[in-house]
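The file target_28.txt comes next; it holds compact mmCIF, C-alpha atoms.
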# COMPACT_ATOMS: atom_id res chain seq x y z
CA MET A 1 -36.32 -17.30 26.88
CA GLY A 2 -34.85 -18.97 23.82
CA ASP A 3 -33.32 -15.97 22.04
CA HIS A 4 -29.77 -15.79 23.36
CA TYR A 5 -28.16 -14.84 20.08
CA GLY A 6 -29.57 -11.44 19.39
CA PHE A 7 -27.06 -9.57 21.54
CA SER A 8 -23.34 -9.63 22.12
CA LEU A 9 -21.85 -12.45 24.16
CA THR A 10 -19.06 -10.10 25.15
CA THR A 11 -20.73 -7.92 27.73
CA PHE A 12 -18.81 -6.17 30.47
CA SER A 13 -18.50 -7.72 33.89
CA PRO A 14 -18.77 -5.41 36.94
CA SER A 15 -14.98 -5.42 37.26
CA GLY A 16 -14.65 -3.94 33.77
CA LYS A 17 -13.47 -7.11 32.06
CA LEU A 18 -14.91 -8.89 29.07
CA MET A 19 -15.06 -12.46 30.33
CA GLN A 20 -15.39 -14.04 26.89
CA ILE A 21 -12.07 -12.51 25.91
CA GLU A 22 -10.49 -13.72 29.15
CA TYR A 23 -11.72 -17.23 28.38
CA ALA A 24 -10.45 -16.92 24.82
CA LEU A 25 -7.04 -16.07 26.24
CA ASN A 26 -7.28 -19.25 28.31
CA ALA A 27 -7.87 -21.21 25.14
CA VAL A 28 -4.63 -19.70 23.87
CA LYS A 29 -2.79 -20.45 27.08
CA ASN A 30 -3.70 -24.11 26.83
CA GLY A 31 -2.73 -24.34 23.18
CA GLN A 32 0.43 -25.81 21.75
CA PRO A 33 3.53 -23.71 22.35
CA SER A 34 4.81 -21.35 19.67
CA VAL A 35 7.80 -19.01 19.68
CA GLY A 36 8.71 -15.92 17.67
CA LEU A 37 12.09 -14.21 17.61
CA LYS A 38 13.36 -11.19 15.71
CA ALA A 39 16.96 -11.47 14.56
CA SER A 40 18.93 -8.60 13.03
CA ASP A 41 18.31 -9.83 9.48
CA GLY A 42 15.05 -11.76 9.76
CA VAL A 43 12.35 -13.28 11.96
CA VAL A 44 12.02 -16.87 13.20
CA LEU A 45 8.75 -18.63 13.98
CA ALA A 46 8.67 -22.06 15.59
CA THR A 47 5.92 -24.25 16.96
CA GLU A 48 5.17 -27.72 18.23
CA ASN A 49 3.23 -29.78 15.74
CA PRO A 50 2.57 -33.10 17.46
CA SER A 51 2.81 -36.11 15.24
CA SER A 52 1.94 -39.75 15.54
CA PRO A 53 2.62 -42.64 13.20
CA LEU A 54 -1.02 -42.41 12.10
CA TYR A 55 -0.98 -38.69 11.23
CA GLU A 56 -0.53 -37.36 7.72
CA GLU A 57 1.59 -34.23 7.79
CA GLN A 58 -0.27 -30.94 8.07
CA ALA A 59 1.56 -27.62 8.31
CA LYS A 60 0.71 -25.18 11.07
CA ILE A 61 2.83 -22.21 10.06
CA GLU A 62 1.17 -20.39 7.17
CA LYS A 63 2.31 -17.86 4.59
CA ILE A 64 0.14 -14.76 4.26
CA SER A 65 1.97 -12.89 1.54
CA LYS A 66 5.42 -13.03 -0.04
CA HIS A 67 7.08 -11.41 2.96
CA ILE A 68 4.64 -12.14 5.77
CA GLY A 69 3.77 -15.35 7.58
CA CYS A 70 2.21 -16.42 10.83
CA VAL A 71 1.88 -19.09 13.48
CA TYR A 72 -0.77 -19.48 16.18
CA SER A 73 -1.49 -20.91 19.59
CA GLY A 74 -5.04 -21.96 20.37
CA MET A 75 -7.88 -23.22 18.20
CA GLY A 76 -6.68 -24.34 14.77
CA PRO A 77 -9.96 -23.77 12.92
CA ASP A 78 -10.15 -20.15 14.14
CA ALA A 79 -6.59 -19.59 12.97
CA ARG A 80 -7.43 -20.99 9.56
CA LEU A 81 -10.19 -18.43 9.10
CA LEU A 82 -7.93 -15.57 10.17
CA VAL A 83 -5.18 -16.66 7.79
CA LYS A 84 -7.73 -16.72 4.98
CA ARG A 85 -8.84 -13.18 5.85
CA ALA A 86 -5.25 -11.99 6.20
CA ARG A 87 -4.38 -13.32 2.74
CA LYS A 88 -7.34 -11.50 1.26
CA ILE A 89 -6.38 -8.29 3.05
CA ALA A 90 -2.83 -8.56 1.73
CA ILE A 91 -3.75 -9.25 -1.86
CA THR A 92 -6.52 -6.61 -1.92
CA TYR A 93 -4.00 -4.03 -0.71
CA GLU A 94 -1.61 -5.02 -3.47
CA ASP A 95 -4.39 -4.62 -6.01
CA MET A 96 -5.30 -1.17 -4.70
CA TYR A 97 -1.85 0.35 -4.25
CA GLY A 98 0.34 -1.62 -6.63
CA GLU A 99 2.80 -2.56 -3.88
CA GLU A 100 3.06 -5.18 -1.14
CA ILE A 101 1.34 -4.53 2.14
CA SER A 102 3.65 -3.61 5.02
CA THR A 103 3.54 -5.84 8.10
CA THR A 104 2.20 -3.07 10.32
CA GLN A 105 -0.68 -2.35 7.93
CA LEU A 106 -1.63 -6.03 7.77
CA VAL A 107 -1.51 -6.40 11.54
CA THR A 108 -3.70 -3.34 12.21
CA ARG A 109 -6.29 -4.51 9.70
CA LEU A 110 -6.31 -8.10 10.95
CA ALA A 111 -6.52 -6.95 14.58
CA ALA A 112 -9.53 -4.83 13.58
CA VAL A 113 -11.18 -8.02 12.28
CA MET A 114 -10.51 -9.76 15.58
CA GLN A 115 -11.94 -6.78 17.48
CA GLU A 116 -15.13 -6.94 15.40
CA TYR A 117 -15.86 -10.35 16.87
CA THR A 118 -15.78 -8.88 20.39
CA GLN A 119 -18.40 -6.26 19.63
CA SER A 120 -20.91 -7.97 17.38
CA GLY A 121 -24.09 -9.93 17.96
CA GLY A 122 -24.19 -13.70 17.94
CA VAL A 123 -20.46 -14.32 17.56
CA ARG A 124 -17.67 -15.27 19.90
CA PRO A 125 -14.07 -14.00 19.93
CA PHE A 126 -11.40 -15.97 18.08
CA GLY A 127 -9.72 -18.59 20.26
CA VAL A 128 -6.22 -17.88 18.95
CA SER A 129 -3.34 -15.53 19.38
CA LEU A 130 -1.31 -15.07 16.22
CA LEU A 131 2.38 -14.41 15.89
CA ILE A 132 2.88 -12.53 12.65
CA ALA A 133 6.37 -12.29 11.20
CA GLY A 134 7.15 -9.98 8.33
CA TRP A 135 9.90 -8.26 6.38
CA ASP A 136 9.29 -4.66 5.24
CA ALA A 137 11.28 -3.78 2.12
CA GLU A 138 11.26 -0.07 2.94
CA PRO A 139 13.36 0.22 5.07
CA GLY A 140 14.71 -3.32 5.06
CA LYS A 141 13.74 -4.50 8.49
CA PRO A 142 12.19 -7.51 10.23
CA LEU A 143 9.02 -7.24 12.33
CA LEU A 144 7.26 -9.51 14.81
CA PHE A 145 3.74 -8.89 16.09
CA GLN A 146 1.31 -10.71 18.35
CA CYS A 147 -2.45 -10.40 17.71
CA ASP A 148 -4.73 -11.27 20.60
CA PRO A 149 -8.40 -12.38 20.63
CA SER A 150 -9.32 -8.95 22.01
CA GLY A 151 -7.98 -7.23 18.92
CA ALA A 152 -4.96 -5.86 20.74
CA TYR A 153 -1.62 -6.20 19.02
CA PHE A 154 1.92 -5.96 20.33
CA ALA A 155 5.26 -5.58 18.64
CA TRP A 156 7.84 -7.97 20.06
CA LYS A 157 11.54 -8.60 19.81
CA ALA A 158 10.92 -12.13 21.02
CA THR A 159 7.98 -13.89 22.64
CA ALA A 160 6.23 -17.18 23.26
CA LEU A 161 2.59 -18.26 23.34
CA GLY A 162 0.68 -21.29 24.52
CA LYS A 163 1.61 -23.88 27.14
CA ASN A 164 4.53 -22.96 29.41
CA ASP A 165 4.83 -19.53 27.83
CA THR A 166 6.00 -17.85 31.05
CA ASN A 167 8.93 -20.25 31.28
CA ALA A 168 9.72 -19.65 27.66
CA LYS A 169 9.63 -15.87 28.04
CA THR A 170 11.91 -16.00 31.08
CA PHE A 171 14.31 -18.13 29.04
CA LEU A 172 14.15 -15.64 26.16
CA GLU A 173 14.83 -12.69 28.43
CA LYS A 174 18.12 -14.30 29.35
CA ARG A 175 19.12 -15.68 25.98
CA PHE A 176 17.82 -13.08 23.54
CA SER A 177 20.19 -10.47 22.11
CA GLU A 178 19.51 -7.86 19.45
CA THR A 179 22.68 -8.71 17.58
CA LEU A 180 21.61 -12.28 16.88
CA GLU A 181 21.67 -13.25 13.23
CA LEU A 182 19.07 -15.50 11.64
CA ASP A 183 20.87 -18.81 12.13
CA ASP A 184 21.57 -18.08 15.78
CA GLY A 185 17.98 -16.89 16.02
CA VAL A 186 16.70 -20.27 14.87
CA HIS A 187 18.99 -21.90 17.39
CA THR A 188 17.71 -19.76 20.26
CA ALA A 189 14.08 -20.20 19.19
CA LEU A 190 14.46 -23.98 19.20
CA LEU A 191 16.12 -23.92 22.62
CA THR A 192 13.23 -21.80 23.91
CA LEU A 193 10.66 -24.14 22.39
CA ARG A 194 12.36 -27.06 24.06
CA GLU A 195 11.62 -25.45 27.42
CA CYS A 196 7.92 -25.79 26.64
CA PHE A 197 8.09 -29.34 25.31
CA ASP A 198 6.71 -32.17 27.44
CA VAL A 199 8.12 -34.79 25.10
CA GLY A 200 11.38 -34.99 23.17
CA MET A 201 11.84 -32.56 20.26
CA THR A 202 12.39 -34.11 16.83
CA GLU A 203 12.12 -32.85 13.26
CA ASP A 204 8.73 -34.59 13.08
CA ASN A 205 7.02 -32.70 15.86
CA VAL A 206 8.47 -29.23 15.44
CA GLU A 207 7.87 -26.70 12.64
CA VAL A 208 10.17 -23.75 11.90
CA ALA A 209 9.86 -20.87 9.45
CA VAL A 210 11.97 -17.80 8.73
CA CYS A 211 11.12 -14.47 7.17
CA ASN A 212 13.84 -12.29 5.67
CA ALA A 213 14.59 -10.12 2.64
CA SER A 214 14.04 -13.03 0.27
CA GLY A 215 10.58 -13.76 1.67
CA PHE A 216 8.78 -16.03 4.07
CA HIS A 217 9.58 -19.74 3.90
CA ARG A 218 9.22 -22.85 6.03
CA LEU A 219 12.37 -24.81 6.80
CA THR A 220 12.49 -28.30 5.35
CA LYS A 221 12.56 -31.35 7.59
CA GLN A 222 16.23 -31.81 6.82
CA GLN A 223 17.09 -28.23 7.74
CA VAL A 224 15.19 -28.60 11.04
CA LYS A 225 17.00 -31.85 11.71
CA ASP A 226 20.37 -30.15 11.16
CA HIS A 227 19.48 -27.33 13.52
CA LEU A 228 18.29 -29.77 16.16
CA GLY A 229 21.50 -31.68 15.83
CA ALA A 230 23.47 -28.52 16.60
CA LEU A 231 21.52 -27.79 19.79
CA VAL B 1 -23.76 28.71 -20.45
CA CYS B 2 -24.29 25.13 -19.35
CA VAL B 3 -23.07 22.12 -21.22
CA ASN B 4 -26.60 21.09 -22.20
CA GLN B 5 -27.42 24.39 -23.84
CA CYS B 6 -24.14 24.20 -25.63
CA CYS B 7 -25.08 20.83 -27.06
CA GLN B 8 -28.06 22.49 -28.71
CA ALA B 9 -26.06 25.50 -29.76
CA ALA B 10 -23.40 23.24 -31.20
CA SER B 11 -25.87 21.30 -33.31
CA LEU B 12 -27.41 24.56 -34.53
CA HIS B 13 -24.03 25.69 -35.79
CA SER B 14 -23.03 22.20 -36.98
CA VAL B 15 -20.10 22.14 -34.57
CA LYS B 16 -19.30 18.69 -33.28
CA MET B 17 -18.92 18.95 -29.51
CA SER B 18 -16.37 16.88 -27.70
CA ILE B 19 -16.54 16.88 -23.93
CA MET B 20 -12.78 16.42 -23.71
CA SER B 21 -12.16 19.73 -25.52
CA TYR B 22 -15.04 21.70 -24.01
CA THR B 23 -12.98 23.53 -21.38
CA GLY B 24 -9.61 23.06 -23.12
CA GLY B 25 -6.18 22.71 -21.60
CA THR B 26 -2.90 20.87 -22.01
CA VAL B 27 -0.41 19.28 -19.61
CA LEU B 28 3.12 18.02 -20.27
CA ALA B 29 5.55 16.17 -18.03
CA MET B 30 9.17 15.25 -18.77
CA ALA B 31 11.69 13.19 -16.84
CA GLY B 32 15.37 14.05 -16.45
CA ASP B 33 18.29 12.99 -14.29
CA GLY B 34 16.95 13.09 -10.73
CA CYS B 35 14.32 15.66 -11.73
CA VAL B 36 10.94 15.97 -13.39
CA CYS B 37 9.17 18.89 -15.04
CA ILE B 38 5.42 19.26 -15.22
CA ALA B 39 3.75 22.10 -17.08
CA SER B 40 0.28 23.23 -18.05
CA ASP B 41 -1.36 26.09 -19.87
CA LEU B 42 -3.60 28.58 -18.08
CA ARG B 43 -6.70 28.83 -20.24
CA LEU B 44 -10.16 27.81 -19.09
CA GLY B 45 -12.76 27.99 -21.83
CA GLU B 46 -16.31 27.15 -22.74
CA GLN B 47 -15.85 26.03 -26.30
CA MET B 48 -14.86 29.21 -28.09
CA ASN B 49 -15.30 31.56 -25.12
CA THR B 50 -12.43 32.13 -22.71
CA MET B 51 -13.62 32.05 -19.11
CA ALA B 52 -10.37 32.33 -17.15
CA VAL B 53 -6.69 32.95 -17.88
CA ASP B 54 -5.24 31.76 -14.57
CA GLN B 55 -6.54 28.19 -14.36
CA LYS B 56 -3.61 25.83 -14.00
CA LYS B 57 -4.08 22.12 -14.46
CA VAL B 58 -1.15 21.00 -12.34
CA HIS B 59 -1.76 20.28 -8.66
CA LYS B 60 0.55 19.53 -5.77
CA ILE B 61 -0.44 16.29 -4.06
CA SER B 62 2.56 16.12 -1.76
CA ASP B 63 6.00 17.75 -1.62
CA LYS B 64 7.44 15.70 -4.43
CA VAL B 65 4.34 14.32 -6.14
CA TYR B 66 2.30 16.36 -8.62
CA VAL B 67 -0.77 15.50 -10.66
CA GLY B 68 -1.96 17.00 -13.93
CA LEU B 69 -5.60 16.74 -14.94
CA ALA B 70 -6.70 17.73 -18.44
CA GLY B 71 -10.05 17.24 -20.11
CA PHE B 72 -13.38 18.38 -18.78
CA HIS B 73 -12.66 20.85 -15.97
CA SER B 74 -15.63 19.86 -13.81
CA ASP B 75 -14.57 16.22 -13.74
CA ALA B 76 -10.93 17.21 -13.30
CA LYS B 77 -11.83 19.10 -10.14
CA THR B 78 -13.95 16.23 -8.80
CA VAL B 79 -11.20 13.71 -9.46
CA LEU B 80 -8.65 15.99 -7.79
CA ASP B 81 -10.80 16.13 -4.65
CA LYS B 82 -11.04 12.34 -4.61
CA ILE B 83 -7.29 11.98 -5.13
CA MET B 84 -6.58 14.31 -2.17
CA PHE B 85 -9.02 12.32 -0.05
CA ARG B 86 -7.33 9.01 -0.78
CA LYS B 87 -3.85 10.44 -0.41
CA SER B 88 -4.67 11.94 3.00
CA LEU B 89 -6.09 8.67 4.29
CA TYR B 90 -3.08 6.77 2.96
CA GLU B 91 -0.55 9.08 4.63
CA LEU B 92 -2.42 8.98 7.94
CA ARG B 93 -2.72 5.19 7.98
CA GLU B 94 0.76 4.39 6.68
CA ASN B 95 2.56 7.21 8.45
CA ARG B 96 4.79 7.81 5.44
CA CYS B 97 4.85 9.89 2.25
CA ILE B 98 3.01 8.52 -0.74
CA LYS B 99 5.08 7.35 -3.71
CA PRO B 100 4.19 8.58 -7.22
CA LYS B 101 3.83 4.99 -8.45
CA VAL B 102 1.37 4.16 -5.67
CA LEU B 103 -0.62 7.34 -6.30
CA ALA B 104 -0.84 6.41 -9.98
CA THR B 105 -2.23 2.98 -9.05
CA ILE B 106 -4.78 4.61 -6.74
CA ILE B 107 -5.93 7.01 -9.48
CA SER B 108 -6.07 4.18 -12.01
CA ASN B 109 -8.30 2.08 -9.75
CA LEU B 110 -10.50 5.11 -9.04
CA ALA B 111 -10.94 5.69 -12.79
CA TYR B 112 -11.65 2.04 -13.59
CA GLN B 113 -14.30 1.88 -10.89
CA HIS B 114 -16.23 4.20 -13.21
CA ARG B 115 -15.57 2.08 -16.27
CA PHE B 116 -19.07 2.49 -17.68
CA GLY B 117 -19.66 6.11 -16.80
CA SER B 118 -16.15 7.49 -16.67
CA TYR B 119 -14.75 10.79 -15.54
CA PHE B 120 -13.87 12.87 -18.59
CA THR B 121 -10.36 13.63 -17.49
CA GLU B 122 -7.00 12.07 -18.31
CA PRO B 123 -4.75 12.07 -15.24
CA LEU B 124 -0.99 12.52 -15.37
CA VAL B 125 1.33 11.82 -12.43
CA ALA B 126 4.83 13.30 -12.14
CA GLY B 127 7.15 13.22 -9.17
CA LEU B 128 10.15 11.87 -7.37
CA ASP B 129 10.12 8.82 -5.12
CA PRO B 130 10.22 10.31 -1.58
CA VAL B 131 13.01 7.95 -0.50
CA SER B 132 15.14 7.18 -3.56
CA HIS B 133 14.37 10.47 -5.42
CA LYS B 134 14.02 8.49 -8.60
CA PRO B 135 11.90 10.34 -11.21
CA TYR B 136 8.51 8.93 -12.19
CA ILE B 137 6.08 10.07 -14.85
CA CYS B 138 2.96 8.41 -16.19
CA ALA B 139 -0.32 9.23 -17.89
CA MET B 140 -3.66 7.46 -18.07
CA ASP B 141 -6.70 7.39 -20.27
CA THR B 142 -10.13 8.15 -18.84
CA ILE B 143 -10.54 4.59 -17.55
CA GLY B 144 -7.18 4.38 -15.85
CA ASN B 145 -4.83 2.55 -18.18
CA ILE B 146 -1.38 3.58 -16.93
CA CYS B 147 1.39 4.18 -19.41
CA THR B 148 4.88 4.78 -17.98
CA PRO B 149 7.33 5.93 -20.65
CA GLU B 150 10.80 6.96 -19.55
CA ASP B 151 10.84 10.26 -21.45
CA PHE B 152 7.68 12.39 -21.47
CA VAL B 153 3.89 12.28 -21.30
CA ALA B 154 1.30 14.72 -22.64
CA ILE B 155 -2.45 15.01 -22.16
CA GLY B 156 -5.18 17.46 -23.19
CA THR B 157 -6.22 19.28 -26.32
CA GLY B 158 -2.63 20.09 -27.27
CA ALA B 159 -1.26 16.59 -26.59
CA GLU B 160 -0.60 15.66 -30.22
CA TYR B 161 1.39 18.83 -30.85
CA LEU B 162 3.33 18.26 -27.65
CA LEU B 163 4.26 14.69 -28.51
CA GLY B 164 5.77 15.72 -31.81
CA VAL B 165 7.80 18.63 -30.45
CA SER B 166 8.91 16.85 -27.24
CA GLU B 167 10.33 14.03 -29.31
CA SER B 168 12.87 16.48 -30.72
CA PHE B 169 13.61 18.38 -27.53
CA TRP B 170 13.92 15.47 -25.08
CA ARG B 171 17.28 13.77 -24.47
CA LYS B 172 18.14 11.18 -21.88
CA GLY B 173 19.73 12.39 -18.62
CA MET B 174 19.00 16.11 -18.80
CA ASN B 175 19.66 18.18 -15.70
CA SER B 176 16.98 20.43 -14.21
CA ASP B 177 17.89 23.52 -16.27
CA GLU B 178 17.97 21.63 -19.55
CA LEU B 179 14.75 19.86 -18.63
CA PHE B 180 13.02 23.17 -17.92
CA GLU B 181 14.13 24.50 -21.30
CA ALA B 182 12.88 21.44 -23.12
CA THR B 183 9.53 21.48 -21.31
CA ALA B 184 8.98 25.21 -21.72
CA GLN B 185 9.89 25.22 -25.42
CA SER B 186 7.61 22.27 -26.09
CA MET B 187 4.70 23.99 -24.34
CA LEU B 188 5.40 27.21 -26.26
CA ALA B 189 5.23 25.36 -29.57
CA ALA B 190 2.04 23.48 -28.70
CA LEU B 191 0.21 26.56 -27.44
CA GLU B 192 0.98 28.31 -30.70
CA ARG B 193 -1.06 25.72 -32.55
CA ASP B 194 -3.74 24.53 -30.12
CA ALA B 195 -6.71 26.89 -30.11
CA ALA B 196 -8.20 25.54 -26.90
CA SER B 197 -5.02 26.07 -24.84
CA GLY B 198 -3.03 29.19 -24.17
CA TRP B 199 -2.87 32.36 -22.09
CA GLY B 200 0.54 31.48 -20.66
CA ALA B 201 2.05 28.36 -19.17
CA VAL B 202 3.24 27.42 -15.70
CA VAL B 203 6.21 25.05 -15.37
CA TYR B 204 7.09 23.16 -12.18
CA THR B 205 10.65 21.82 -11.98
CA ILE B 206 10.89 19.22 -9.21
CA THR B 207 14.29 18.18 -7.84
CA LYS B 208 15.15 16.55 -4.55
CA ASP B 209 15.95 19.88 -2.89
CA LYS B 210 13.30 22.21 -4.24
CA VAL B 211 10.41 22.84 -6.58
CA ASN B 212 10.85 25.73 -8.98
CA ILE B 213 7.64 27.31 -10.28
CA ARG B 214 7.98 29.50 -13.35
CA THR B 215 5.26 31.13 -15.41
CA ILE B 216 6.13 31.73 -19.03
CA LYS B 217 4.51 34.09 -21.48
CA THR B 218 3.17 32.27 -24.46
CA ARG B 219 0.75 33.27 -27.17
CA MET B 220 -1.88 35.10 -25.14
CA ASP B 221 -4.97 33.74 -26.74
If you took the structure in this file and wrote it as structure tokens, what would it be?
Amino acid sequence: MGDHYGFSLTTFSPSGKLMQIEYALNAVKNGQPSVGLKASDGVVLATENPSSPLYEEQAKIEKISKHIGCVYSGMGPDARLLVKRARKIAITYEDMYGEEISTTQLVTRLAAVMQEYTQSGGVRPFGVSLLIAGWDAEPGKPLLFQCDPSGAYFAWKATALGKNDTNAKTFLEKRFSETLELDDGVHTALLTLRECFDVGMTEDNVEVAVCNASGFHRLTKQQVKDHLGAL
Amino acid sequence: VCVNQCCQAASLHSVKMSIMSYTGGTVLAMAGDGCVCIASDLRLGEQMNTMAVDQKKVHKISDKVYVGLAGFHSDAKTVLDKIMFRKSLYELRENRCIKPKVLATIISNLAYQHRFGSYFTEPLVAGLDPVSHKPYICAMDTIGNICTPEDFVAIGTGAEYLLGVSESFWRKGMNSDELFEATAQSMLAALERDAASGWGAVVYTITKDKVNIRTIKTRMD
């Protein structure tokens, strides 16, 4: 009776669904909102990072390689593990082929890792969806991908995850345009994020990062403040 | 006659056997303006016996990327198979043509993985970048140390002769005709002197539009 861990926790339900993955997606849905938007010359990632006077600052958006970064919605600890794996994948690729990994290659390999945890014994799926932003040098173009707990991945022009994501996506459908440049992209991403915010948006509780030809970098508090001021 | 028996035979006749010159063979590659030339001899031997006169050491990996493998023929063939394997997987996964620089890194890593039991073959990569058409040449030792000079690289039993002669023939910014001449003349000179290479040479001239393959008659021994 005691041995529950010898077999997979992701077994099919009669309707053909894997309930553990559905529940993992719920964990994502209840997570803090995050937004990703592809501009013509770069990608923007933005997320809510709630702060309180007692908190010490901790970044949520992480860099994976020189030209790739990511943000998540869902369980922080699971995201941390995936970022660690992604970094190893990226640097191992560079060691093997002598050039930087392309965003698509990283996403397919990371998604394969996430899929492993839906078809192995004694493990549960990751409780995060990742938004991976990257810049491929050949040809020079921006890319935005979403990786789900199931191991599925989607290429997006713009999307939102976490709380109030349907509102955010509706907002994006109206406001997004393919001719947006990076600065306008940041502007639109922040406006979209504001739709998901329950409290007021300040430079202390929002995190923004951009990825373009010069690499992936987080915006400083001052830069975020300036953008918020222009909203 | 297998390599083992030859070891005994060699010691009987006080001939020092080197695995790198057992089958013989020489490869040269030169870089020009938007073009590269890669050439090899055609002899396959077993020490002093000639076993084949049509064994080229240059292999097409992809349209614009060629590899030369000198040294012990058996290992050269094995390494070529492994290179093709890795290149096929790469092109399927990445959905794009492999670059010569990336292929060189792959071969280097493959060689170093056998650091303490290496393949007795020195690889040489020559080609044009599939997108920018920039020429690339490099050569490695048996454990994968890549060396990327801008002018020419030579490997095999006739490498020393080639290096000397190429130094005089090579100039910066040669077009494909001039490059062919320089490569062919260098090979001709080396095959005159190197006993383990010969029986003709094949020269590949790679430009962004085409690959010209020419066989030249050298000293036929």
What are the residues of chain A that have an atom within 9 Å of an atom of chain B, counting all atoms listed in the file, as a list in words?
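Those within range of chain B come out as Asp95, Met96, Tyr97, Gly98, Glu99, Ser102, Thr104, Gln105 and Glu138 of chain A.
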Atomic distance CA of Ser118 in chain B - CA of Gly144 in chain B, expressed in Å with one decimal:
9.5 Å
Could you check how far CA of Thr23 in chain B sits from CA of Leu44 in chain B, in Å to one decimal?
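The value is 5.6 Å.
With CA of Arg86 in chain B on one side and CA of His67 in chain A on the other, the separation reads 25.3 Å.
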Measuring between all atoms listed in the file, which one of A:Thr166, A:Thr188, A:Ser13, A:Thr103 shows the shortest distance to Gly36 in chain A?
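For Gly36 in chain A, the nearest of the given residues is A:Thr188.
Residues with any atom within 12 Å of range 215-217 of chain B, counting all atoms listed in the file and excluding same-chain neighbours fewer than 6 positions away, are B:Ile38, B:Ala39, B:Ser40, B:Asp41, B:Leu42, B:Val53, B:Asp54, B:Lys56, B:Phe180, B:Glu181, B:Thr183, B:Ala184, B:Gln185, B:Ser186, B:Met187, B:Leu188, B:Ala189, B:Leu191, B:Glu192, B:Gly198, B:Trp199, B:Gly200, B:Ala201, B:Val202, B:Val203, B:Tyr204, B:Thr205.
Nearest residue to Cys147 in chain A among A:Cys70, A:Val224, A:Ile89, A:Val123 is A:Cys70, counting all atoms listed in the file.
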Local residues around (1.8, -12.9, 1.3), at most 8 Å away, using only C-alpha atoms, as a list in words:
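Applying the cut-off with only C-alpha atoms, one gets Lys63, Ile64, Ser65, Lys66, His67, Ile68, Gly69, Arg87, Ala90 and Ile91 of chain A.
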Here is a test: counting all atoms listed in the file, which residue of B:Arg193, B:Thr142, B:Phe169, B:Pro130 is nearest to Gly34 in chain B?
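Between B:Arg193, B:Thr142, B:Phe169, B:Pro130, the residue approaching Gly34 in chain B most closely is B:Pro130.
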Distance query range 44-58 of chain A at most 8 Å, all atoms listed in the file, self and fewer than 6 positions along chain excluded, as a list in words:
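Within the cut-off, the hits are Gln32, Pro33, Ser34, Val35, Gly36, Leu37, Lys38, Cys70, Val71, Leu131, Ala133, Leu182, Gly185, Val186, Ala189, Leu190, Leu193, Phe197, Asp204, Asn205, Val206, Glu207, Val208, Ala209, Val210 and Cys211 of chain A.
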Extract, using only C-alpha atoms, all DNA, RNA and protein residues at most 10 Å from range 75-81 of chain B, discarding same-chain residues fewer than 2 positions from it, and format them as number ranges by chain.
B: 57, 59, 61, 67-73, 83-87, 107, 110-111, 118-123
Restricting the calculation to all atoms listed in the file, which member of B:Ser62, B:Asn212, B:Gln47, B:Thr207 is positioned closest to Ser132 in chain B?
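Answer, going by the shortest atom-to-atom distance: B:Thr207.
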B:Arg115, B:Arg96, B:His133, B:Lys60 ranked by distance to Ile213 in chain B, top pick (using only C-alpha atoms)
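Of B:Arg115, B:Arg96, B:His133, B:Lys60, the one nearest Ile213 in chain B, counting only C-alpha atoms, is B:Lys60.
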As JSON, please: the centre and edge lengths in Å, to one decimal, of an axis-aligned box enclosing every listed atom of range 138-147 of chain A with 5 Å added on each side.
{"center_x": 6.1, "center_y": -5.2, "center_z": 10.6, "size_x": 27.2, "size_y": 20.9, "size_z": 25.4}
Within 12 Å of Asn49 in chain B, counting all atoms listed in the file, which residues qualify if same-chain residues fewer than 3 places away don't, as a list in words?
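Answer for this query is Val1, Cys6, Tyr22, Thr23, Gly24, Arg43, Leu44, Gly45, Glu46, Ala52, Val53, Ala195, Ala196, Ser197 and Asp221 of chain B.
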Using all atoms listed in the file, find all polymer residues with an atom at most 12 Å away from the point (1.5, -7.2, 20.2); report them as a compact mmCIF listing (two decimals) with C-alpha atoms, in the coordinates of the input.
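Saved result, result09.txt, follows:
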# COMPACT_ATOMS: atom_id res chain seq x y z
CA GLY A 36 8.71 -15.92 17.67
CA THR A 104 2.20 -3.07 10.32
CA VAL A 107 -1.51 -6.40 11.54
CA THR A 108 -3.70 -3.34 12.21
CA ALA A 111 -6.52 -6.95 14.58
CA SER A 129 -3.34 -15.53 19.38
CA LEU A 130 -1.31 -15.07 16.22
CA LEU A 131 2.38 -14.41 15.89
CA ILE A 132 2.88 -12.53 12.65
CA ALA A 133 6.37 -12.29 11.20
CA LEU A 143 9.02 -7.24 12.33
CA LEU A 144 7.26 -9.51 14.81
CA PHE A 145 3.74 -8.89 16.09
CA GLN A 146 1.31 -10.71 18.35
CA CYS A 147 -2.45 -10.40 17.71
CA ASP A 148 -4.73 -11.27 20.60
CA PRO A 149 -8.40 -12.38 20.63
CA SER A 150 -9.32 -8.95 22.01
CA GLY A 151 -7.98 -7.23 18.92
CA ALA A 152 -4.96 -5.86 20.74
CA TYR A 153 -1.62 -6.20 19.02
CA PHE A 154 1.92 -5.96 20.33
CA ALA A 155 5.26 -5.58 18.64
CA TRP A 156 7.84 -7.97 20.06
CA LYS A 157 11.54 -8.60 19.81
CA ALA A 158 10.92 -12.13 21.02
CA THR A 159 7.98 -13.89 22.64
CA ALA A 160 6.23 -17.18 23.26
CA LEU A 161 2.59 -18.26 23.34
